[in-house]
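Quick notes on the structure that follows.
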Amino acid sequence: MPTEPMNGQPRNGEPLNLAVVIGSVREGRFGPVVAKWFAERAEEYGRFTVNLVDLADTPLPLALPAVPPALEPRMARPAGMAGLTRRLEEADAVVVVTPDYNRSFPASLKAAIDWHYTEWEAKPIGFVGYSGASGGLLAIEQLRQVFAELQAHTVRNAVTFPRYYELFGPEGRLTDPEGPNGAAKAMLDELLWWGELLHEARRARAEAA
C-alpha cells in the first residue's frame with residue numbers, strides 16, 4: 001500500500017457510494033442492529049453516501065444455473081434481484097456485516113456474491129463481524145479468499161464483536177463505544193483511500209475501452 005496517510009480527508013470533494021450489506025437472513029438475526037450502528041458511523045464520517053442493503057429483501061436462489069452469471073454476463077438473473085444488482089453496481093465500496101455460523105459465513109451471503117461478478121471487481125471491501133466467540137473473524141477470513149477470486153480488494157482493518165449480546169444494550173446502542181468507534185474509523189479511512197483510488201482506476205479503464 002502507498003505510504004500516503006489515510007486520514008479521511010477528501011481528494012475531490014465527491015462522496016463515495018458505500019453499500020453496507022446485511023449478510024444474514026435468519027429469523028431473529030442480530031445483523032440489522034450491527035449494520036445500523038456501522039451505517040451511523042459511516043454517515044458521521046462524512047465522506048460516504050451510505051446505502052443499507054438487506055439481503056433478506058431479495059430472493060437469493062442457492063442453485064445457480066449451470067453457467068452462472070459470474071462466467072456468462074448475458075445470463076439473466078432472477079427478476080427480483082435487479083434492485084440488489086443495481087445497488088452493488090453503483091457502490092464504490094462495500095462493507096459486509098456477517099456473523100459466523102459453524103465457523104463460516106451465511107449461505108445467503110455466498111449466494112449474493114456468486115450471483116454477481118463485475119459488481120465486486122476493483123472495489124474495496126470491508127467487514128463488520130459478530131458472533132459468540134470469534135467476533136465473526138472465522139467468516140471474515142474465508143470471505144477474504146472469496147473476494148480475492150472476484151478481483152475485489154479487502155481492506156486490512158475490520159470491526160468485530162465477540163459476545164455481541166454483551167456489548168449492545170436493549171436499544172441497539174453499544175455500552176462502551178470507544179473501541180468499536182475507533183475500529184470503524186480506521187476501516188473507513190482505508191475504504192475512503194482505496195475507494196477513491198479504485199474509482200478513478202475504473203473510470204480510466206472504461207474511458208480507454
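As shown in the C-alpha cells, the chain order sets the letters A, B, ...; within each chain, residues go from 1, and ligands are also counted from 1 in the order they appear.
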Practice task
Within chain A, find each residue whose DSSP state, derived from the backbone, is strand (DSSP E), and express the selection as JSON, numbers by chain.
Solution key: {"A": [16, 17, 18, 19, 20, 21, 22, 48, 49, 50, 51, 52, 53, 54, 93, 94, 95, 96, 97, 98, 99, 124, 125, 126, 127, 128, 129, 130, 131, 153, 154, 159, 160, 161, 162]}
Preceding selection exported with N, CA and C atoms as a compact mmCIF listing (two decimals), in the first residue's frame:
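out_33.txt, written as the output of this step:
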# COMPACT_ATOMS: atom_id res chain seq x y z
N LEU A 16 -18.25 9.08 -1.79
CA LEU A 16 -18.30 7.76 -2.40
C LEU A 16 -19.57 7.04 -1.97
N ASN A 17 -20.07 6.20 -2.85
CA ASN A 17 -21.24 5.38 -2.53
C ASN A 17 -20.78 4.14 -1.76
N LEU A 18 -21.27 4.00 -0.54
CA LEU A 18 -20.90 2.88 0.32
C LEU A 18 -22.12 2.00 0.56
N ALA A 19 -22.05 0.74 0.12
CA ALA A 19 -23.11 -0.22 0.38
C ALA A 19 -22.76 -1.01 1.64
N VAL A 20 -23.65 -1.01 2.62
CA VAL A 20 -23.48 -1.79 3.84
C VAL A 20 -24.44 -2.97 3.75
N VAL A 21 -23.89 -4.16 3.57
CA VAL A 21 -24.69 -5.35 3.24
C VAL A 21 -24.90 -6.20 4.50
N ILE A 22 -26.17 -6.44 4.84
CA ILE A 22 -26.51 -7.33 5.95
C ILE A 22 -26.53 -8.75 5.40
N PHE A 48 -19.07 9.53 2.78
CA PHE A 48 -19.79 8.48 2.05
C PHE A 48 -21.28 8.77 2.00
N THR A 49 -21.88 8.39 0.89
CA THR A 49 -23.33 8.24 0.81
C THR A 49 -23.63 6.79 1.15
N VAL A 50 -24.33 6.56 2.25
CA VAL A 50 -24.48 5.22 2.80
C VAL A 50 -25.80 4.60 2.34
N ASN A 51 -25.70 3.38 1.83
CA ASN A 51 -26.86 2.64 1.32
C ASN A 51 -26.92 1.30 2.06
N LEU A 52 -27.92 1.13 2.92
CA LEU A 52 -28.06 -0.10 3.69
C LEU A 52 -28.77 -1.15 2.83
N VAL A 53 -28.10 -2.28 2.61
CA VAL A 53 -28.60 -3.34 1.73
C VAL A 53 -28.88 -4.58 2.56
N ASP A 54 -30.15 -4.95 2.70
CA ASP A 54 -30.53 -6.11 3.49
C ASP A 54 -30.84 -7.26 2.55
N ALA A 93 -17.65 1.29 -2.73
CA ALA A 93 -17.06 0.49 -1.67
C ALA A 93 -18.19 -0.29 -1.00
N VAL A 94 -17.84 -1.42 -0.39
CA VAL A 94 -18.83 -2.29 0.23
C VAL A 94 -18.33 -2.69 1.62
N VAL A 95 -19.25 -2.69 2.58
CA VAL A 95 -18.97 -3.26 3.90
C VAL A 95 -19.95 -4.40 4.10
N VAL A 96 -19.41 -5.58 4.39
CA VAL A 96 -20.23 -6.77 4.62
C VAL A 96 -20.35 -6.98 6.13
N VAL A 97 -21.59 -7.05 6.60
CA VAL A 97 -21.87 -7.32 8.01
C VAL A 97 -22.24 -8.79 8.12
N THR A 98 -21.42 -9.57 8.82
CA THR A 98 -21.63 -11.02 8.83
C THR A 98 -21.43 -11.63 10.21
N PRO A 99 -22.26 -12.61 10.56
CA PRO A 99 -21.93 -13.48 11.69
C PRO A 99 -21.05 -14.61 11.20
N PRO A 124 -13.09 -1.76 -3.03
CA PRO A 124 -12.66 -2.15 -1.69
C PRO A 124 -13.82 -2.74 -0.89
N ILE A 125 -13.51 -3.78 -0.14
CA ILE A 125 -14.49 -4.47 0.69
C ILE A 125 -14.02 -4.46 2.13
N GLY A 126 -14.88 -4.02 3.04
CA GLY A 126 -14.60 -4.06 4.47
C GLY A 126 -15.56 -5.00 5.16
N PHE A 127 -15.25 -5.35 6.40
CA PHE A 127 -16.06 -6.33 7.12
C PHE A 127 -16.37 -5.86 8.54
N VAL A 128 -17.61 -6.11 8.95
CA VAL A 128 -18.02 -5.99 10.34
C VAL A 128 -18.55 -7.35 10.75
N GLY A 129 -17.90 -7.98 11.72
CA GLY A 129 -18.29 -9.33 12.12
C GLY A 129 -18.81 -9.36 13.54
N TYR A 130 -19.66 -10.35 13.80
CA TYR A 130 -20.17 -10.55 15.15
C TYR A 130 -20.45 -12.04 15.34
N SER A 131 -20.19 -12.53 16.54
CA SER A 131 -20.50 -13.93 16.89
C SER A 131 -20.24 -14.12 18.36
N HIS A 153 -10.73 -5.81 -3.58
CA HIS A 153 -9.65 -5.58 -2.62
C HIS A 153 -10.24 -5.50 -1.22
N THR A 154 -9.92 -6.47 -0.36
CA THR A 154 -10.40 -6.42 1.01
C THR A 154 -9.41 -5.63 1.86
N VAL A 159 -13.99 -4.57 11.84
CA VAL A 159 -14.64 -4.34 13.13
C VAL A 159 -15.26 -5.66 13.56
N THR A 160 -14.98 -6.09 14.78
CA THR A 160 -15.50 -7.38 15.24
C THR A 160 -16.14 -7.24 16.62
N PHE A 161 -17.18 -8.03 16.84
CA PHE A 161 -17.92 -8.01 18.11
C PHE A 161 -18.04 -9.42 18.67
N PRO A 162 -17.01 -9.91 19.41
CA PRO A 162 -17.17 -11.18 20.11
C PRO A 162 -18.15 -11.01 21.27
Give the helix (DSSP H, G or I) residues of region 34-166 of chain A, as DSSP finds them on the backbone, and put them as a compact mmCIF listing (two decimals) with all heavy atoms, in the first residue's frame.
# COMPACT_ATOMS: atom_id res chain seq x y z
N VAL A 34 -26.31 -4.44 14.21
CA VAL A 34 -24.90 -4.15 13.96
C VAL A 34 -24.75 -3.25 12.73
O VAL A 34 -23.97 -2.29 12.73
CB VAL A 34 -24.10 -5.45 13.78
CG1 VAL A 34 -22.63 -5.15 13.51
CG2 VAL A 34 -24.25 -6.34 15.01
N ALA A 35 -25.52 -3.56 11.68
CA ALA A 35 -25.42 -2.78 10.44
C ALA A 35 -25.87 -1.33 10.67
O ALA A 35 -25.27 -0.40 10.13
CB ALA A 35 -26.26 -3.44 9.35
N LYS A 36 -26.94 -1.15 11.43
CA LYS A 36 -27.42 0.21 11.73
C LYS A 36 -26.35 0.99 12.49
O LYS A 36 -26.10 2.17 12.20
CB LYS A 36 -28.71 0.14 12.53
CG LYS A 36 -29.32 1.51 12.88
CD LYS A 36 -30.64 1.34 13.60
CE LYS A 36 -31.27 2.70 13.91
NZ LYS A 36 -30.49 3.47 14.90
N TRP A 37 -25.71 0.34 13.46
CA TRP A 37 -24.64 1.01 14.21
C TRP A 37 -23.53 1.45 13.26
O TRP A 37 -23.08 2.60 13.31
CB TRP A 37 -24.07 0.07 15.28
CG TRP A 37 -22.82 0.61 15.88
CD1 TRP A 37 -22.71 1.51 16.89
CD2 TRP A 37 -21.47 0.31 15.46
NE1 TRP A 37 -21.38 1.80 17.13
CE2 TRP A 37 -20.61 1.09 16.27
CE3 TRP A 37 -20.94 -0.51 14.48
CZ2 TRP A 37 -19.23 1.04 16.12
CZ3 TRP A 37 -19.56 -0.56 14.34
CH2 TRP A 37 -18.72 0.21 15.16
N PHE A 38 -23.09 0.53 12.37
CA PHE A 38 -22.00 0.90 11.48
C PHE A 38 -22.43 1.96 10.47
O PHE A 38 -21.65 2.89 10.17
CB PHE A 38 -21.44 -0.32 10.74
CG PHE A 38 -20.29 0.05 9.86
CD1 PHE A 38 -19.03 0.23 10.39
CD2 PHE A 38 -20.48 0.29 8.50
CE1 PHE A 38 -17.97 0.63 9.59
CE2 PHE A 38 -19.41 0.68 7.69
CZ PHE A 38 -18.15 0.85 8.23
N ALA A 39 -23.63 1.86 9.94
CA ALA A 39 -24.11 2.86 8.98
C ALA A 39 -24.12 4.26 9.61
O ALA A 39 -23.77 5.24 8.95
CB ALA A 39 -25.50 2.48 8.50
N GLU A 40 -24.46 4.34 10.87
CA GLU A 40 -24.42 5.63 11.56
C GLU A 40 -23.00 6.17 11.66
O GLU A 40 -22.77 7.37 11.49
CB GLU A 40 -25.04 5.50 12.95
CG GLU A 40 -26.55 5.28 12.92
CD GLU A 40 -27.12 4.98 14.30
OE1 GLU A 40 -26.31 4.80 15.25
OE2 GLU A 40 -28.35 4.94 14.43
N ARG A 41 -22.04 5.29 11.93
CA ARG A 41 -20.63 5.73 11.99
C ARG A 41 -20.18 6.21 10.61
O ARG A 41 -19.44 7.19 10.50
CB ARG A 41 -19.74 4.58 12.46
CG ARG A 41 -20.11 3.93 13.77
CD ARG A 41 -19.88 4.82 14.99
NE ARG A 41 -20.91 5.83 15.16
CZ ARG A 41 -22.16 5.56 15.60
NH1 ARG A 41 -22.54 4.32 15.86
NH2 ARG A 41 -23.02 6.55 15.77
N ALA A 42 -20.58 5.50 9.57
CA ALA A 42 -20.18 5.87 8.21
C ALA A 42 -20.80 7.21 7.81
O ALA A 42 -20.15 8.03 7.14
CB ALA A 42 -20.57 4.78 7.22
N GLU A 43 -22.02 7.46 8.20
CA GLU A 43 -22.67 8.73 7.89
C GLU A 43 -22.00 9.87 8.65
O GLU A 43 -21.78 10.96 8.10
CB GLU A 43 -24.16 8.65 8.22
CG GLU A 43 -24.94 7.77 7.25
CD GLU A 43 -26.34 7.47 7.73
OE1 GLU A 43 -26.65 7.81 8.89
OE2 GLU A 43 -27.11 6.89 6.95
N GLU A 44 -21.65 9.63 9.90
CA GLU A 44 -20.95 10.64 10.70
C GLU A 44 -19.57 10.95 10.12
O GLU A 44 -19.08 12.09 10.24
CB GLU A 44 -20.80 10.16 12.15
CG GLU A 44 -22.11 10.11 12.91
CD GLU A 44 -21.94 9.45 14.27
OE1 GLU A 44 -20.80 9.00 14.58
OE2 GLU A 44 -22.93 9.37 15.01
N TYR A 45 -18.95 9.97 9.50
CA TYR A 45 -17.63 10.15 8.90
C TYR A 45 -17.65 11.25 7.84
O TYR A 45 -16.66 11.98 7.67
CB TYR A 45 -17.19 8.82 8.31
CG TYR A 45 -15.76 8.75 7.83
CD1 TYR A 45 -14.73 8.46 8.70
CD2 TYR A 45 -15.45 8.93 6.47
CE1 TYR A 45 -13.41 8.36 8.24
CE2 TYR A 45 -14.15 8.84 6.02
CZ TYR A 45 -13.14 8.56 6.90
OH TYR A 45 -11.84 8.46 6.45
N LEU A 55 -30.04 -8.33 2.62
CA LEU A 55 -30.25 -9.47 1.72
C LEU A 55 -31.59 -10.17 1.97
O LEU A 55 -32.07 -10.88 1.10
CB LEU A 55 -29.10 -10.47 1.86
CG LEU A 55 -27.73 -9.98 1.42
CD1 LEU A 55 -26.72 -11.13 1.48
CD2 LEU A 55 -27.76 -9.37 0.02
N ALA A 56 -32.18 -9.94 3.12
CA ALA A 56 -33.49 -10.52 3.39
C ALA A 56 -34.57 -9.93 2.49
O ALA A 56 -35.66 -10.51 2.36
CB ALA A 56 -33.88 -10.33 4.85
N ASP A 57 -34.29 -8.81 1.86
CA ASP A 57 -35.26 -8.17 0.97
C ASP A 57 -35.21 -8.70 -0.45
O ASP A 57 -35.99 -8.27 -1.30
CB ASP A 57 -35.02 -6.65 0.94
CG ASP A 57 -35.25 -5.99 2.30
OD1 ASP A 57 -36.04 -6.55 3.09
OD2 ASP A 57 -34.65 -4.94 2.55
N ALA A 79 -35.64 -11.98 -11.71
CA ALA A 79 -36.16 -10.61 -11.83
C ALA A 79 -36.10 -9.87 -10.50
O ALA A 79 -35.83 -8.67 -10.45
CB ALA A 79 -37.59 -10.66 -12.36
N GLY A 80 -36.33 -10.58 -9.40
CA GLY A 80 -36.34 -9.92 -8.10
C GLY A 80 -34.99 -9.49 -7.61
O GLY A 80 -34.88 -8.84 -6.56
N MET A 81 -33.92 -9.83 -8.34
CA MET A 81 -32.57 -9.48 -7.92
C MET A 81 -32.09 -8.16 -8.53
O MET A 81 -31.00 -7.68 -8.22
CB MET A 81 -31.61 -10.62 -8.30
CG MET A 81 -30.33 -10.66 -7.50
SD MET A 81 -29.32 -12.10 -7.92
CE MET A 81 -30.34 -13.42 -7.27
N ALA A 82 -32.90 -7.55 -9.39
CA ALA A 82 -32.46 -6.36 -10.12
C ALA A 82 -32.06 -5.22 -9.20
O ALA A 82 -31.07 -4.53 -9.43
CB ALA A 82 -33.55 -5.91 -11.09
N GLY A 83 -32.83 -5.00 -8.13
CA GLY A 83 -32.51 -3.91 -7.21
C GLY A 83 -31.19 -4.13 -6.51
O GLY A 83 -30.38 -3.20 -6.37
N LEU A 84 -30.94 -5.35 -6.05
CA LEU A 84 -29.67 -5.66 -5.40
C LEU A 84 -28.51 -5.47 -6.36
O LEU A 84 -27.49 -4.85 -6.01
CB LEU A 84 -29.69 -7.10 -4.89
CG LEU A 84 -28.37 -7.64 -4.35
CD1 LEU A 84 -27.91 -6.85 -3.14
CD2 LEU A 84 -28.51 -9.13 -4.00
N THR A 85 -28.65 -5.97 -7.58
CA THR A 85 -27.60 -5.83 -8.58
C THR A 85 -27.28 -4.36 -8.84
O THR A 85 -26.11 -3.96 -8.90
CB THR A 85 -28.01 -6.51 -9.89
OG1 THR A 85 -28.22 -7.91 -9.64
CG2 THR A 85 -26.95 -6.35 -10.97
N ARG A 86 -28.31 -3.55 -8.98
CA ARG A 86 -28.10 -2.12 -9.24
C ARG A 86 -27.37 -1.45 -8.08
O ARG A 86 -26.44 -0.67 -8.30
CB ARG A 86 -29.44 -1.43 -9.48
CG ARG A 86 -29.35 0.10 -9.63
CD ARG A 86 -30.71 0.72 -9.82
NE ARG A 86 -31.64 0.31 -8.78
CZ ARG A 86 -31.66 0.83 -7.55
NH1 ARG A 86 -30.79 1.74 -7.19
NH2 ARG A 86 -32.56 0.41 -6.67
N ARG A 87 -27.74 -1.77 -6.86
CA ARG A 87 -27.11 -1.13 -5.70
C ARG A 87 -25.66 -1.55 -5.54
O ARG A 87 -24.81 -0.74 -5.16
CB ARG A 87 -27.93 -1.44 -4.46
CG ARG A 87 -29.31 -0.82 -4.51
CD ARG A 87 -30.26 -1.44 -3.52
NE ARG A 87 -30.15 -0.82 -2.21
CZ ARG A 87 -30.85 -1.22 -1.14
NH1 ARG A 87 -31.69 -2.24 -1.25
NH2 ARG A 87 -30.71 -0.60 0.01
N LEU A 88 -25.36 -2.80 -5.85
CA LEU A 88 -23.97 -3.24 -5.81
C LEU A 88 -23.16 -2.62 -6.93
O LEU A 88 -22.00 -2.24 -6.75
CB LEU A 88 -23.90 -4.76 -5.89
CG LEU A 88 -24.50 -5.54 -4.72
CD1 LEU A 88 -24.44 -7.04 -4.98
CD2 LEU A 88 -23.82 -5.19 -3.40
N GLU A 89 -23.77 -2.50 -8.10
CA GLU A 89 -23.07 -1.90 -9.24
C GLU A 89 -22.74 -0.44 -8.97
O GLU A 89 -21.67 0.05 -9.34
CB GLU A 89 -23.94 -2.03 -10.48
CG GLU A 89 -23.28 -1.54 -11.76
CD GLU A 89 -24.15 -1.78 -12.97
OE1 GLU A 89 -25.37 -1.91 -12.82
OE2 GLU A 89 -23.59 -1.82 -14.09
N GLU A 90 -23.64 0.29 -8.31
CA GLU A 90 -23.43 1.71 -8.04
C GLU A 90 -22.45 1.96 -6.91
O GLU A 90 -21.96 3.08 -6.75
CB GLU A 90 -24.77 2.36 -7.72
CG GLU A 90 -25.73 2.42 -8.90
CD GLU A 90 -27.11 2.93 -8.52
OE1 GLU A 90 -27.37 3.09 -7.28
OE2 GLU A 90 -27.92 3.18 -9.42
N ALA A 107 -25.05 -18.87 4.05
CA ALA A 107 -25.29 -19.28 2.67
C ALA A 107 -25.92 -18.15 1.86
O ALA A 107 -25.66 -18.02 0.66
CB ALA A 107 -26.20 -20.51 2.65
N SER A 108 -26.75 -17.34 2.49
CA SER A 108 -27.38 -16.21 1.79
C SER A 108 -26.33 -15.26 1.25
O SER A 108 -26.45 -14.74 0.13
CB SER A 108 -28.32 -15.46 2.74
OG SER A 108 -27.64 -15.10 3.94
N LEU A 109 -25.28 -15.04 2.02
CA LEU A 109 -24.22 -14.13 1.59
C LEU A 109 -23.44 -14.73 0.42
O LEU A 109 -23.12 -14.03 -0.55
CB LEU A 109 -23.30 -13.84 2.77
CG LEU A 109 -22.16 -12.86 2.56
CD1 LEU A 109 -22.65 -11.54 1.98
CD2 LEU A 109 -21.43 -12.62 3.88
N LYS A 110 -23.15 -16.03 0.48
CA LYS A 110 -22.44 -16.68 -0.63
C LYS A 110 -23.28 -16.63 -1.90
O LYS A 110 -22.74 -16.41 -3.00
CB LYS A 110 -22.12 -18.13 -0.27
CG LYS A 110 -21.23 -18.85 -1.29
CD LYS A 110 -19.87 -18.16 -1.42
CE LYS A 110 -18.81 -19.06 -2.06
NZ LYS A 110 -19.09 -19.38 -3.46
N ALA A 111 -24.60 -16.81 -1.77
CA ALA A 111 -25.46 -16.74 -2.95
C ALA A 111 -25.43 -15.35 -3.56
O ALA A 111 -25.32 -15.20 -4.78
CB ALA A 111 -26.89 -17.13 -2.57
N ALA A 112 -25.51 -14.31 -2.73
CA ALA A 112 -25.47 -12.95 -3.25
C ALA A 112 -24.15 -12.66 -3.95
O ALA A 112 -24.11 -12.01 -5.00
CB ALA A 112 -25.68 -11.95 -2.11
N ILE A 113 -23.06 -13.16 -3.39
CA ILE A 113 -21.75 -12.96 -4.01
C ILE A 113 -21.69 -13.69 -5.35
O ILE A 113 -21.28 -13.13 -6.37
CB ILE A 113 -20.63 -13.46 -3.07
CG1 ILE A 113 -20.56 -12.58 -1.82
CG2 ILE A 113 -19.29 -13.46 -3.80
CD1 ILE A 113 -19.66 -13.14 -0.73
N ASP A 114 -22.11 -14.94 -5.38
CA ASP A 114 -21.95 -15.77 -6.58
C ASP A 114 -22.86 -15.35 -7.72
O ASP A 114 -22.54 -15.62 -8.89
CB ASP A 114 -22.22 -17.23 -6.24
CG ASP A 114 -21.10 -17.86 -5.43
OD1 ASP A 114 -20.03 -17.23 -5.31
OD2 ASP A 114 -21.29 -18.98 -4.91
N LEU A 137 -14.59 -13.35 12.97
CA LEU A 137 -13.30 -13.43 12.27
C LEU A 137 -13.18 -14.69 11.42
O LEU A 137 -12.53 -14.67 10.37
CB LEU A 137 -12.15 -13.37 13.28
CG LEU A 137 -11.81 -11.98 13.83
CD1 LEU A 137 -10.78 -12.10 14.95
CD2 LEU A 137 -11.28 -11.08 12.72
N LEU A 138 -13.78 -15.78 11.86
CA LEU A 138 -13.70 -17.01 11.07
C LEU A 138 -14.40 -16.84 9.72
O LEU A 138 -13.91 -17.30 8.68
CB LEU A 138 -14.32 -18.17 11.85
CG LEU A 138 -13.63 -18.53 13.17
CD1 LEU A 138 -14.46 -19.53 13.95
CD2 LEU A 138 -12.23 -19.07 12.91
N ALA A 139 -15.53 -16.17 9.74
CA ALA A 139 -16.24 -15.89 8.49
C ALA A 139 -15.47 -14.89 7.64
O ALA A 139 -15.36 -15.04 6.42
CB ALA A 139 -17.64 -15.36 8.79
N ILE A 140 -14.93 -13.87 8.27
CA ILE A 140 -14.22 -12.82 7.54
C ILE A 140 -13.01 -13.37 6.81
O ILE A 140 -12.76 -13.02 5.64
CB ILE A 140 -13.82 -11.68 8.51
CG1 ILE A 140 -15.07 -10.92 8.95
CG2 ILE A 140 -12.81 -10.74 7.86
CD1 ILE A 140 -14.82 -9.93 10.09
N GLU A 141 -12.25 -14.24 7.45
CA GLU A 141 -11.05 -14.78 6.80
C GLU A 141 -11.43 -15.60 5.56
O GLU A 141 -10.72 -15.57 4.55
CB GLU A 141 -10.25 -15.62 7.79
CG GLU A 141 -9.54 -14.80 8.84
CD GLU A 141 -8.72 -13.66 8.24
OE1 GLU A 141 -7.86 -13.94 7.38
OE2 GLU A 141 -8.94 -12.50 8.61
N GLN A 142 -12.53 -16.32 5.60
CA GLN A 142 -12.96 -17.05 4.42
C GLN A 142 -13.46 -16.11 3.33
O GLN A 142 -13.21 -16.32 2.14
CB GLN A 142 -14.05 -18.05 4.81
CG GLN A 142 -13.54 -19.16 5.70
CD GLN A 142 -14.62 -20.17 6.03
OE1 GLN A 142 -15.52 -20.42 5.25
NE2 GLN A 142 -14.54 -20.76 7.22
N LEU A 143 -14.16 -15.07 3.73
CA LEU A 143 -14.67 -14.11 2.76
C LEU A 143 -13.53 -13.38 2.04
O LEU A 143 -13.66 -13.01 0.87
CB LEU A 143 -15.59 -13.10 3.44
CG LEU A 143 -16.99 -13.62 3.78
CD1 LEU A 143 -17.69 -12.69 4.76
CD2 LEU A 143 -17.83 -13.77 2.51
N ARG A 144 -12.43 -13.16 2.71
CA ARG A 144 -11.28 -12.52 2.05
C ARG A 144 -10.83 -13.36 0.85
O ARG A 144 -10.48 -12.82 -0.21
CB ARG A 144 -10.13 -12.34 3.04
CG ARG A 144 -10.38 -11.29 4.12
CD ARG A 144 -9.13 -11.05 4.95
NE ARG A 144 -9.39 -10.20 6.09
CZ ARG A 144 -9.49 -8.87 6.05
NH1 ARG A 144 -9.36 -8.23 4.90
NH2 ARG A 144 -9.72 -8.16 7.15
N GLN A 145 -10.82 -14.66 1.00
CA GLN A 145 -10.43 -15.53 -0.11
C GLN A 145 -11.44 -15.49 -1.24
O GLN A 145 -11.08 -15.48 -2.42
CB GLN A 145 -10.29 -16.96 0.40
CG GLN A 145 -9.22 -17.14 1.47
CD GLN A 145 -9.16 -18.57 1.98
OE1 GLN A 145 -8.96 -19.50 1.21
NE2 GLN A 145 -9.34 -18.76 3.27
N VAL A 146 -12.71 -15.46 -0.90
CA VAL A 146 -13.75 -15.41 -1.92
C VAL A 146 -13.65 -14.13 -2.73
O VAL A 146 -13.68 -14.15 -3.98
CB VAL A 146 -15.14 -15.54 -1.26
CG1 VAL A 146 -16.25 -15.31 -2.29
CG2 VAL A 146 -15.31 -16.91 -0.61
N PHE A 147 -13.53 -13.00 -2.06
CA PHE A 147 -13.49 -11.72 -2.77
C PHE A 147 -12.20 -11.55 -3.57
O PHE A 147 -12.18 -10.86 -4.59
CB PHE A 147 -13.70 -10.56 -1.81
CG PHE A 147 -15.13 -10.33 -1.46
CD1 PHE A 147 -15.61 -10.56 -0.17
CD2 PHE A 147 -16.03 -9.88 -2.42
CE1 PHE A 147 -16.94 -10.35 0.14
CE2 PHE A 147 -17.36 -9.66 -2.12
CZ PHE A 147 -17.83 -9.90 -0.83
N ALA A 148 -11.12 -12.16 -3.12
CA ALA A 148 -9.88 -12.10 -3.91
C ALA A 148 -10.08 -12.75 -5.27
O ALA A 148 -9.57 -12.28 -6.29
CB ALA A 148 -8.74 -12.79 -3.15
N GLU A 149 -10.84 -13.84 -5.32
CA GLU A 149 -11.13 -14.51 -6.58
C GLU A 149 -11.94 -13.62 -7.52
O GLU A 149 -11.84 -13.73 -8.74
CB GLU A 149 -11.88 -15.82 -6.31
CG GLU A 149 -12.24 -16.62 -7.55
CD GLU A 149 -11.01 -17.15 -8.27
OE1 GLU A 149 -9.92 -17.24 -7.66
OE2 GLU A 149 -11.14 -17.50 -9.46
N TYR A 164 -21.30 -10.45 21.15
CA TYR A 164 -22.01 -9.21 20.81
C TYR A 164 -23.20 -8.96 21.73
O TYR A 164 -23.57 -7.80 22.00
CB TYR A 164 -22.50 -9.29 19.36
CG TYR A 164 -23.48 -10.39 19.10
CD1 TYR A 164 -24.84 -10.19 19.24
CD2 TYR A 164 -23.05 -11.66 18.73
CE1 TYR A 164 -25.75 -11.22 19.02
CE2 TYR A 164 -23.93 -12.69 18.51
CZ TYR A 164 -25.28 -12.46 18.66
OH TYR A 164 -26.17 -13.49 18.44
N TYR A 165 -23.81 -10.02 22.23
CA TYR A 165 -25.00 -9.89 23.08
C TYR A 165 -24.69 -9.23 24.43
O TYR A 165 -25.60 -8.80 25.14
CB TYR A 165 -25.64 -11.27 23.30
CG TYR A 165 -24.64 -12.38 23.50
CD1 TYR A 165 -24.02 -12.60 24.73
CD2 TYR A 165 -24.27 -13.19 22.43
CE1 TYR A 165 -23.09 -13.59 24.90
CE2 TYR A 165 -23.33 -14.20 22.59
CZ TYR A 165 -22.75 -14.41 23.83
OH TYR A 165 -21.82 -15.39 23.99
N GLU A 166 -23.39 -9.18 24.77
CA GLU A 166 -22.99 -8.49 26.00
C GLU A 166 -22.57 -7.04 25.73
O GLU A 166 -22.37 -6.28 26.68
CB GLU A 166 -21.82 -9.23 26.65
CG GLU A 166 -22.14 -10.64 27.10
CD GLU A 166 -20.93 -11.35 27.68
OE1 GLU A 166 -19.82 -10.75 27.66
OE2 GLU A 166 -21.08 -12.49 28.15
Handout entry: Close residues, Arg173 (chain A) itself excluded, 9 Å, only C-alpha atoms, min 5 positions apart in chain, as a ChimeraX atom specification
Key = /A:33,37,167-168
Written file, previous selection with C-alpha atoms, as an mmCIF file, in the first residue's frame:
data_model
loop_
_atom_site.group_PDB
_atom_site.id
_atom_site.type_symbol
_atom_site.label_atom_id
_atom_site.label_comp_id
_atom_site.auth_asym_id
_atom_site.auth_seq_id
_atom_site.Cartn_x
_atom_site.Cartn_y
_atom_site.Cartn_z
ATOM 1 C CA VAL A 33 -28.603 -3.908 14.789
ATOM 2 C CA TRP A 37 -24.640 1.011 14.206
ATOM 3 C CA LEU A 167 -21.883 -5.363 24.118
ATOM 4 C CA PHE A 168 -25.155 -3.865 22.868
#
Quick one: residues within 6 Å of Ala152 (chain A), only C-alpha atoms, excluding same-chain residues fewer than 5 positions away - as a PDB file with C-alpha atoms, in the first residue's frame?
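The result, stored in result35.pdb:
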ATOM      1  CA  TRP A 120     -17.415  -6.532  -6.956  1.00  0.00           C
ATOM      2  CA  GLU A 121     -14.473  -6.068  -9.308  1.00  0.00           C
ATOM      3  CA  ALA A 122     -11.846  -3.432  -8.418  1.00  0.00           C
ATOM      4  CA  LYS A 123     -13.742  -2.235  -5.352  1.00  0.00           C
ATOM      5  CA  PHE A 147     -13.490 -11.723  -2.775  1.00  0.00           C
TER       6      PHE A 147
END
Practice task
Pick out the closest residue to Arg47 (chain A) from this set: A:Pro15, A:Pro106, A:Gly179, A:Pro78. Count only C-alpha atoms.
Solution key: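 Ranked by minimum distance to Arg47 (chain A), first place goes to A:Pro15.
For the pair CA of Phe105 (chain A) and CA of Val25 (chain A), the interatomic distance is 11.5 Å.
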Exercise for the section: Find the distance between CA of Pro32 (chain A) and CA of Glu190 (chain A) and write it in Å to one decimal. Expected result: 23.2 Å
